[in-house]
2 protein chains.
Amino acid sequence: MAEKILIYDTTLRDGSQGEGISLSVEDKLKIASRLDRLGVDYIEGGWPWANPKDMEFFLRAREVIWRQARLVAFGRTRKPGQAAAEDANLLAIKRAGVKVATIFGKSWDLHVTAALGTTLAENLAMIGDSVAFLVDQGLEVIYDAEHFFDGFKANPDYALETLKAAAKAGASWIVLCDTNGGCLPWEIEEAVARVRQEIQVPVGIHAHNDGDLAVANTLAAVTAGCRQVQGTINGFGERCGNADLCSVMPNLELKMGYQCLPPGQLAFLTEVSRYVSEIANVVPAGNQPFVGYSAFAHKGGIHVSAVLKAPDTYEHIRPQQVGNERRVLMSDQAGASNLRCKAEEMGLELNPEREQSIIEGIKELERQGYQFEGADASLELFLRKTTGEYRQQFEVEYVKALVEKRAGQEAISEAIVKLRVGDQVVHTAAEGNGPVNAMDNALRKALEEVFPAIRHMRLTDYKVRVLDEKDATSARVRVLIESRDGSNSWNTVGVSTNIIEASWEALLDSMEYALLKQQQELNKRAAAPGEPY
Amino acid sequence: MAEKILIYDTTLRDGSQGEGISLSVEDKLKIASRLDRLGVDYIEGGWPWANPKDMEFFLRAREVIWRQARLVAFGRTRKPGQAAAEDANLLAIKRAGVKVATIFGKSWDLHVTAALGTTLAENLAMIGDSVAFLVDQGLEVIYDAEHFFDGFKANPDYALETLKAAAKAGASWIVLCDTNGGCLPWEIEEAVARVRQEIQVPVGIHAHNDGDLAVANTLAAVTAGCRQVQGTINGFGERCGNADLCSVMPNLELKMGYQCLPPGQLAFLTEVSRYVSEIANVVPAGNQPFVGYSAFAHKGGIHVSAVLKAPDTYEHIRPQQVGNERRVLMSDQAGASNLRCKAEEMGLELNPEREQSIIEGIKELERQGYQFEGADASLELFLRKTTGEYRQQFEVEYVKALVEKRAGQEAISEAIVKLRVGDQVVHTAAEGNGPVNAMDNALRKALEEVFPAIRHMRLTDYKVRVLDEKDATSARVRVLIESRDGSNSWNTVGVSTNIIEASWEALLDSMEYALLKQQQELNKRAAAPGEPY
């Protein structure tokens with residue numbers, strides 16, 4: 001049996017300190033429920049005293065957390081010179097109605113005297129009293145030793161004293177924090193080993209990523225004996241973030257032989273990572289290890305044919321182990337094996353004799369500035385059109401975009417489109433925040449009349465790249481658009497010296513692709529008429 | 001004296017394998033020049049055989065790399081059963097005209113037999129022959145042992161044999177590659193230590209980030225004796241990227257006491273990181289360690305006052321050491337001193353009492369998405385307008401931009417402008433390659449009637465950045481324009497949800513600035529009437 005490492009998620013508390021991240025109570029409940037389903041051991045919900053929203057979360061969280069996870073309320077040691085039983089922050093933890101409390105205290109003498117303005121002895125009493133008070137309330141208490149490693153470097157004896165104070169008062173766990181995130185792995189390892197000689201209570205690690213080493217520091221701490229790991233999904237957190245559990249857990253399970261989640265659950269990691277990004281409204285980093293969109297993307301022709309023959313050649317794990325997938329990118333370095341692999345994904349059969357001319361066609365488009373590695377949907381439309389199996393659902397007669405800016409007034413943007421759908425002509429207009437938004441609105445308005453299902457799709461990402469900047473305003477631009485409906489997302493591309501035309505091309509592809517997928521869905525249902533809609 | 005670690009940058013080659021990164025020859029020349037100024041030791045420019053664009057780069061690179069860095073051409077060992085002197089890829093390295101070559105070969109027996117389809121003995125001959133051939137051409141040869149660590153785990157003796165073949169043939173460096181990026185730091189350390197026992201040639205490390213450990217693995221390799229570090233700016237690279245030199249170098253210099261760059265140069269790291277992101281059109285990660293916008297951001301309250309009293313309390317290094325800055329939510333003194341410094345450059349005197357309100361104004365614009373770092377001319381216009389000393393030379397009544405795209409025809413773009421110059425009204429129209437080009441042409445046409453000197457200026461660069469991609473086509477965009485006349489260049493910025501309006505704003509600023517400078521020139525000459533025109 002693999003040894004268990006307890007997973008302590010603090011996405012909702014430390015993670016929400018990240019710049020640009022702001023979670024409502026509803027957001028937090030959604031994330032907590034998903035984390036519970038994933039199977040983490042602890043979910044730190046917030047600091048009920050410092051944040052009234054967090055108290056509301058605790059009162060409602062019981063409905064969503066009922067499987068594996070224990071809900072944790074966060075706080076700090078009592079104030080200097082005050083009884084623990086009268087400390088508002090400790091009393092708030094009690095009111096939160098949880099079974100586990102995490103409190104942080106000072107382990108670095110500099111912080112005790114400079115930041116807290118009290119004596120070293122009083123700080124030890126604050127730690128002991130606060131832990132004891134919560135233990136007396138029947139809570140499991142986790143003690144977070146803030147700045148432990150910096151404190152250990154500055155004054156090892158005192159830093160260890162603070163841990164002993166917490167242990168003696170009944171803490172179930174001592175968690176060592178690299179609060180400033182600047183330690184090196186071997187420093188962590190050495191300090192953890194020393195702590196384990198001095199105290200009997202189980203030890204955990206809480207690392208920050210300021211030195212780009214949070215994951216390595218976490219793994220080093222585990223090798224030195226830590227059995228609880230604190231971190232956040234996607235490494236969200238203040239400054240450079242916390243240790244990313246999406247990297248820590250697969251390293252521990254797949255590389256080091258520990259068990260973090262219930263068996264089989266690691267395969268939901270990618271889904272959870274993207275779900276949390278979605279709720280937090282953060283664009284996921286494509287190159288994120290393990291769970292990123294590009295993490296198993298292969299570009300070069302040689303790589304692709306090798307990886308198809310023997311995955312070990314260019315993949316350190318199987319993408320499925322973390323719920324991710326291999327992606328083959330079409331690019332000017334791609335060959336026939338990339339193309340065949342792509343076509344198969346799309347359920348298309350290519351005539352082998354035509355493969356070379358299709359590759360030439362793609363390369364020619366790429367020379368013009370198209371980039372299909374970020375635009376699978378445009379590639380699929382291109383392939384279906386060249387194989388002749390594509391049936392166009394509407395035709396555009398024209399689109400016009402007009403922007404007018406008068407001194408002292410807001411700019412006005414409008415678009416006019418005229419379409420033909422079968423023998424029906426749709427001619428309409430719309431305004432927008434800009435000309436592209438106006439065209440999007442006008443096209444959508446026109447198509448919704450005939451294809452009501454298009455209402456469920458929306459554009460979620462818009463990128464512009466100027467291809468030859470030196471040609472300044474007459475340079476070619478490439479527009480990439482991401483669209484989504486309930487469960488799927490797809491990407492399209494347009495290129496032109498005219499940014500309006502490039503955007504229009506990507507918009508059109510996006511709508512055409514949505515209609516194609518709807519048509520395929522309808523055909524599937526028609527073929528299996530017994531099944532419910 | 002600190003021991004030197006040689007820095008080998010492969011942003012232009014391995015970095016450009018990253019998904020969504022595509023660098024033109026111009027882009028590569030700009031980045032190479034900036035890296036040379038930073039003071040890296042090696043700049044790998046590309047693979048001249050595999051990519052014709054790279055050959056063009058090598059032919060032009062000598063103009064921009066002439067300080068510290070040695071330019072490197074990349075390639076692979078010769079093909080099985082072929083003479084090195086007849087291998088097109090090795091001959092291309094020779095033709096690139098560089099003094100340093102890096103070639104990669106196979107160290108993993110699985111790759112030799114499965115991917116390459118040759119014998120283990122022939123692979124050793126391929127390595128030896130290829131290195132020897134390039135050494136004979138007078139080149140310094142760096143041998144990249146692809147998949148070394150996986151190969152070492154699978155068949156340590158053979159993996160070491162491949163290194164010895166390269167060493168014996170005269171390679172100056174043996175670089176150990178974790179090509180799949182899945183190794184753990186202690187595995188790296190152990191393998192490097194063994195290699196150092198077996199070969200005398202200096203050893204380097206090339207790590208990928210698939211396990212989120214590329215930086216840690218690089219540091220571990222250095223502690224085990226590697227003296228060359230390969231990586232990319234911002235960790236760009238295939239899948240999850242390469243070791244990020246922006247994290248590796250500060251860790252080595254500031255935490256571990258080595259020297260990477262010439263003294264003082266580390267303070268340009270943040271600027272270089274952002275410059276490379278800008279050229280590659282990649283949105284920089286705010287939470288990037290050391291150089292990220294959020295890396296030293298403090299969310300206020302206790303942290304801020306503590307950090308102002310004693311920076312060590314919440315900062316692992318001083319942000320200035322890497323050219324970054326501390327950010328706090330309250331307005332700080334650095335703002336005022338920056339502003340004074342800028343105003344002085346422009347020959348402007350600021351009323352000290354108004355400084356605070358000007359800073360607030362700039363901060364408000366920055367909140368809206370303006371970025372004056374890359375738009376000095378717009379900043380100067382803003383300052384002159386707020387100090388009331390600016391005299392507008394023309395007024396715009398309106399601008400209209402119209403794009404029409406009919407099925408099967410080229411899109412048509414035209415712009416109409418109506419200006420007032422003194423009591424003269426200019427009303428004109430022009431076509432263009434796109435709406436922005438049409439506006440540029442129309443504005444120029446209108447102004448040339450009154451200010452003929454404007455003929456000498458032209459736009460030389462046009463960049464678009466979507467600021468909140470998640471809002472898709474109604475997102476705000478920032479447009480940056482670079483303009484030039486005979487001797488000067490200047491940069492302007494515009495921001496709007498409407499790309500046409502943002503471009504118009506930057507265009508107007510550019511023209512206004514050109515006229516301002518001409519006026520200043522004329523005033524100077526009027527003050528010194530004896531001088532020739």
# chains A, B, ... in the order shown; residues from 1 in each chain; ligands from 1
$ residues_around --residues "Met126 in chain A" --least-positions-apart "4" --cutoff "12 Å" --atoms "only C-alpha atoms" --output "JSON, numbers by chain"
{"A": [76, 77, 78, 79, 80, 81, 82, 83, 84, 85, 87, 90, 103, 104, 105, 106, 107, 112, 116, 118, 119, 120, 121, 122, 130, 131, 132, 133, 162, 165, 166, 169]}
$ residues_around --residues "range 43-60 of chain A" --least-positions-apart "6" --cutoff "8 Å" --atoms "only C-alpha atoms" --output "JSON, numbers by chain"
{"A": [8, 9, 10, 11, 12, 13, 24, 25, 28, 29, 32, 35, 36, 69, 70, 71, 72, 73, 74, 75, 88, 89, 90, 92, 93, 96, 97, 98]}
$ atom_distance --atom1 "CA of Cys246 in chain B" --atom2 "CA of Arg326 in chain A"
28.4 Å
$ closest_residue --among "B:Gly408, B:Gly434, B:Gly388, B:Gly128" --to "chain A" --atoms "only C-alpha atoms"
B:Gly434
$ residues_around --residues "Gln320 in chain B" --least-positions-apart "2" --cutoff "10 Å" --atoms "only C-alpha atoms" --output "VMD selection string"
chain B and resid 266 to 270 290 317 to 318 322 to 326
$ decode --residues "range 330-375 of chain A" --atoms "N, CA and C atoms" --output "mmCIF file, in the first residue's frame"
data_model
loop_
_atom_site.group_PDB
_atom_site.id
_atom_site.type_symbol
_atom_site.label_atom_id
_atom_site.label_comp_id
_atom_site.auth_asym_id
_atom_site.auth_seq_id
_atom_site.Cartn_x
_atom_site.Cartn_y
_atom_site.Cartn_z
ATOM 1 N N MET A 330 -1.062 21.191 -35.848
ATOM 2 C CA MET A 330 -0.733 21.383 -37.250
ATOM 3 C C MET A 330 0.103 22.650 -37.323
ATOM 4 N N SER A 331 1.265 22.553 -37.849
ATOM 5 C CA SER A 331 2.079 23.749 -37.989
ATOM 6 C C SER A 331 2.999 23.515 -39.157
ATOM 7 N N ASP A 332 3.774 24.538 -39.497
ATOM 8 C CA ASP A 332 4.612 24.379 -40.684
ATOM 9 C C ASP A 332 5.688 23.307 -40.487
ATOM 10 N N GLN A 333 5.784 22.773 -39.254
ATOM 11 C CA GLN A 333 6.742 21.681 -39.061
ATOM 12 C C GLN A 333 6.056 20.315 -39.130
ATOM 13 N N ALA A 334 4.743 20.336 -39.411
ATOM 14 C CA ALA A 334 3.983 19.097 -39.304
ATOM 15 C C ALA A 334 4.075 18.263 -40.563
ATOM 16 N N GLY A 335 3.845 16.998 -40.409
ATOM 17 C CA GLY A 335 3.889 16.105 -41.554
ATOM 18 C C GLY A 335 2.593 15.336 -41.715
ATOM 19 N N ALA A 336 2.659 14.308 -42.549
ATOM 20 C CA ALA A 336 1.471 13.520 -42.866
ATOM 21 C C ALA A 336 0.915 12.822 -41.624
ATOM 22 N N SER A 337 1.799 12.402 -40.695
ATOM 23 C CA SER A 337 1.274 11.676 -39.533
ATOM 24 C C SER A 337 0.437 12.611 -38.652
ATOM 25 N N ASN A 338 0.838 13.886 -38.555
ATOM 26 C CA ASN A 338 0.014 14.841 -37.819
ATOM 27 C C ASN A 338 -1.365 14.959 -38.446
ATOM 28 N N LEU A 339 -1.377 15.077 -39.762
ATOM 29 C CA LEU A 339 -2.624 15.293 -40.482
ATOM 30 C C LEU A 339 -3.563 14.099 -40.301
ATOM 31 N N ARG A 340 -3.030 12.883 -40.468
ATOM 32 C CA ARG A 340 -3.857 11.682 -40.344
ATOM 33 C C ARG A 340 -4.457 11.584 -38.947
ATOM 34 N N CYS A 341 -3.598 11.902 -37.960
ATOM 35 C CA CYS A 341 -4.018 11.841 -36.570
ATOM 36 C C CYS A 341 -5.147 12.832 -36.307
ATOM 37 N N LYS A 342 -5.000 14.041 -36.858
ATOM 38 C CA LYS A 342 -6.017 15.092 -36.724
ATOM 39 C C LYS A 342 -7.330 14.658 -37.360
ATOM 40 N N ALA A 343 -7.235 14.144 -38.592
ATOM 41 C CA ALA A 343 -8.428 13.761 -39.330
ATOM 42 C C ALA A 343 -9.190 12.679 -38.573
ATOM 43 N N GLU A 344 -8.442 11.756 -37.978
ATOM 44 C CA GLU A 344 -9.064 10.687 -37.208
ATOM 45 C C GLU A 344 -9.841 11.245 -36.016
ATOM 46 N N GLU A 345 -9.222 12.194 -35.305
ATOM 47 C CA GLU A 345 -9.909 12.858 -34.196
ATOM 48 C C GLU A 345 -11.250 13.423 -34.637
ATOM 49 N N MET A 346 -11.288 13.924 -35.876
ATOM 50 C CA MET A 346 -12.490 14.589 -36.381
ATOM 51 C C MET A 346 -13.463 13.606 -37.022
ATOM 52 N N GLY A 347 -13.066 12.343 -37.061
ATOM 53 C CA GLY A 347 -13.928 11.353 -37.691
ATOM 54 C C GLY A 347 -13.992 11.495 -39.203
ATOM 55 N N LEU A 348 -12.893 11.972 -39.786
ATOM 56 C CA LEU A 348 -12.838 12.188 -41.232
ATOM 57 C C LEU A 348 -11.931 11.143 -41.869
ATOM 58 N N GLU A 349 -12.336 10.634 -43.017
ATOM 59 C CA GLU A 349 -11.412 9.754 -43.730
ATOM 60 C C GLU A 349 -10.765 10.505 -44.877
ATOM 61 N N LEU A 350 -9.451 10.502 -44.907
ATOM 62 C CA LEU A 350 -8.754 11.222 -45.969
ATOM 63 C C LEU A 350 -8.315 10.232 -47.041
ATOM 64 N N ASN A 351 -8.457 10.634 -48.262
ATOM 65 C CA ASN A 351 -7.918 9.871 -49.370
ATOM 66 C C ASN A 351 -6.387 10.017 -49.349
ATOM 67 N N PRO A 352 -5.668 8.889 -49.159
ATOM 68 C CA PRO A 352 -4.205 8.993 -49.021
ATOM 69 C C PRO A 352 -3.548 9.733 -50.187
ATOM 70 N N GLU A 353 -4.147 9.605 -51.398
ATOM 71 C CA GLU A 353 -3.552 10.282 -52.554
ATOM 72 C C GLU A 353 -3.647 11.801 -52.454
ATOM 73 N N ARG A 354 -4.649 12.266 -51.671
ATOM 74 C CA ARG A 354 -4.827 13.708 -51.571
ATOM 75 C C ARG A 354 -4.074 14.321 -50.392
ATOM 76 N N GLU A 355 -3.528 13.437 -49.524
ATOM 77 C CA GLU A 355 -2.868 13.955 -48.322
ATOM 78 C C GLU A 355 -1.843 15.038 -48.626
ATOM 79 N N GLN A 356 -0.980 14.753 -49.618
ATOM 80 C CA GLN A 356 0.109 15.684 -49.868
ATOM 81 C C GLN A 356 -0.414 17.053 -50.293
ATOM 82 N N SER A 357 -1.475 17.049 -51.125
ATOM 83 C CA SER A 357 -1.979 18.349 -51.591
ATOM 84 C C SER A 357 -2.685 19.088 -50.458
ATOM 85 N N ILE A 358 -3.276 18.337 -49.518
ATOM 86 C CA ILE A 358 -3.886 19.006 -48.353
ATOM 87 C C ILE A 358 -2.797 19.643 -47.496
ATOM 88 N N ILE A 359 -1.712 18.886 -47.276
ATOM 89 C CA ILE A 359 -0.604 19.450 -46.494
ATOM 90 C C ILE A 359 -0.064 20.704 -47.171
ATOM 91 N N GLU A 360 0.075 20.637 -48.500
ATOM 92 C CA GLU A 360 0.557 21.828 -49.217
ATOM 93 C C GLU A 360 -0.396 23.000 -49.016
ATOM 94 N N GLY A 361 -1.703 22.696 -49.066
ATOM 95 C CA GLY A 361 -2.710 23.746 -48.863
ATOM 96 C C GLY A 361 -2.585 24.384 -47.487
ATOM 97 N N ILE A 362 -2.376 23.542 -46.479
ATOM 98 C CA ILE A 362 -2.231 24.062 -45.112
ATOM 99 C C ILE A 362 -0.973 24.912 -45.004
ATOM 100 N N LYS A 363 0.113 24.401 -45.601
ATOM 101 C CA LYS A 363 1.374 25.158 -45.529
ATOM 102 C C LYS A 363 1.244 26.513 -46.216
ATOM 103 N N GLU A 364 0.515 26.538 -47.339
ATOM 104 C CA GLU A 364 0.324 27.797 -48.047
ATOM 105 C C GLU A 364 -0.448 28.788 -47.158
ATOM 106 N N LEU A 365 -1.510 28.296 -46.514
ATOM 107 C CA LEU A 365 -2.265 29.169 -45.614
ATOM 108 C C LEU A 365 -1.386 29.657 -44.472
ATOM 109 N N GLU A 366 -0.534 28.772 -43.974
ATOM 110 C CA GLU A 366 0.338 29.180 -42.880
ATOM 111 C C GLU A 366 1.352 30.231 -43.340
ATOM 112 N N ARG A 367 1.790 30.117 -44.582
ATOM 113 C CA ARG A 367 2.675 31.157 -45.121
ATOM 114 C C ARG A 367 1.961 32.506 -45.138
ATOM 115 N N GLN A 368 0.649 32.484 -45.374
ATOM 116 C CA GLN A 368 -0.122 33.735 -45.382
ATOM 117 C C GLN A 368 -0.375 34.256 -43.968
ATOM 118 N N GLY A 369 -0.046 33.438 -42.967
ATOM 119 C CA GLY A 369 -0.202 33.910 -41.605
ATOM 120 C C GLY A 369 -1.225 33.150 -40.781
ATOM 121 N N TYR A 370 -1.941 32.208 -41.387
ATOM 122 C CA TYR A 370 -2.872 31.385 -40.621
ATOM 123 C C TYR A 370 -2.079 30.514 -39.671
ATOM 124 N N GLN A 371 -2.699 30.210 -38.542
ATOM 125 C CA GLN A 371 -2.034 29.361 -37.580
ATOM 126 C C GLN A 371 -3.097 28.406 -37.060
ATOM 127 N N PHE A 372 -3.018 27.150 -37.461
ATOM 128 C CA PHE A 372 -4.103 26.230 -37.123
ATOM 129 C C PHE A 372 -3.898 25.545 -35.785
ATOM 130 N N GLU A 373 -2.701 25.671 -35.202
ATOM 131 C CA GLU A 373 -2.508 24.977 -33.936
ATOM 132 C C GLU A 373 -3.402 25.582 -32.858
ATOM 133 N N GLY A 374 -3.802 26.838 -33.033
ATOM 134 C CA GLY A 374 -4.734 27.432 -32.084
ATOM 135 C C GLY A 374 -6.137 27.520 -32.645
ATOM 136 N N ALA A 375 -6.421 26.811 -33.729
ATOM 137 C CA ALA A 375 -7.703 26.997 -34.398
ATOM 138 C C ALA A 375 -8.179 25.691 -35.018
#
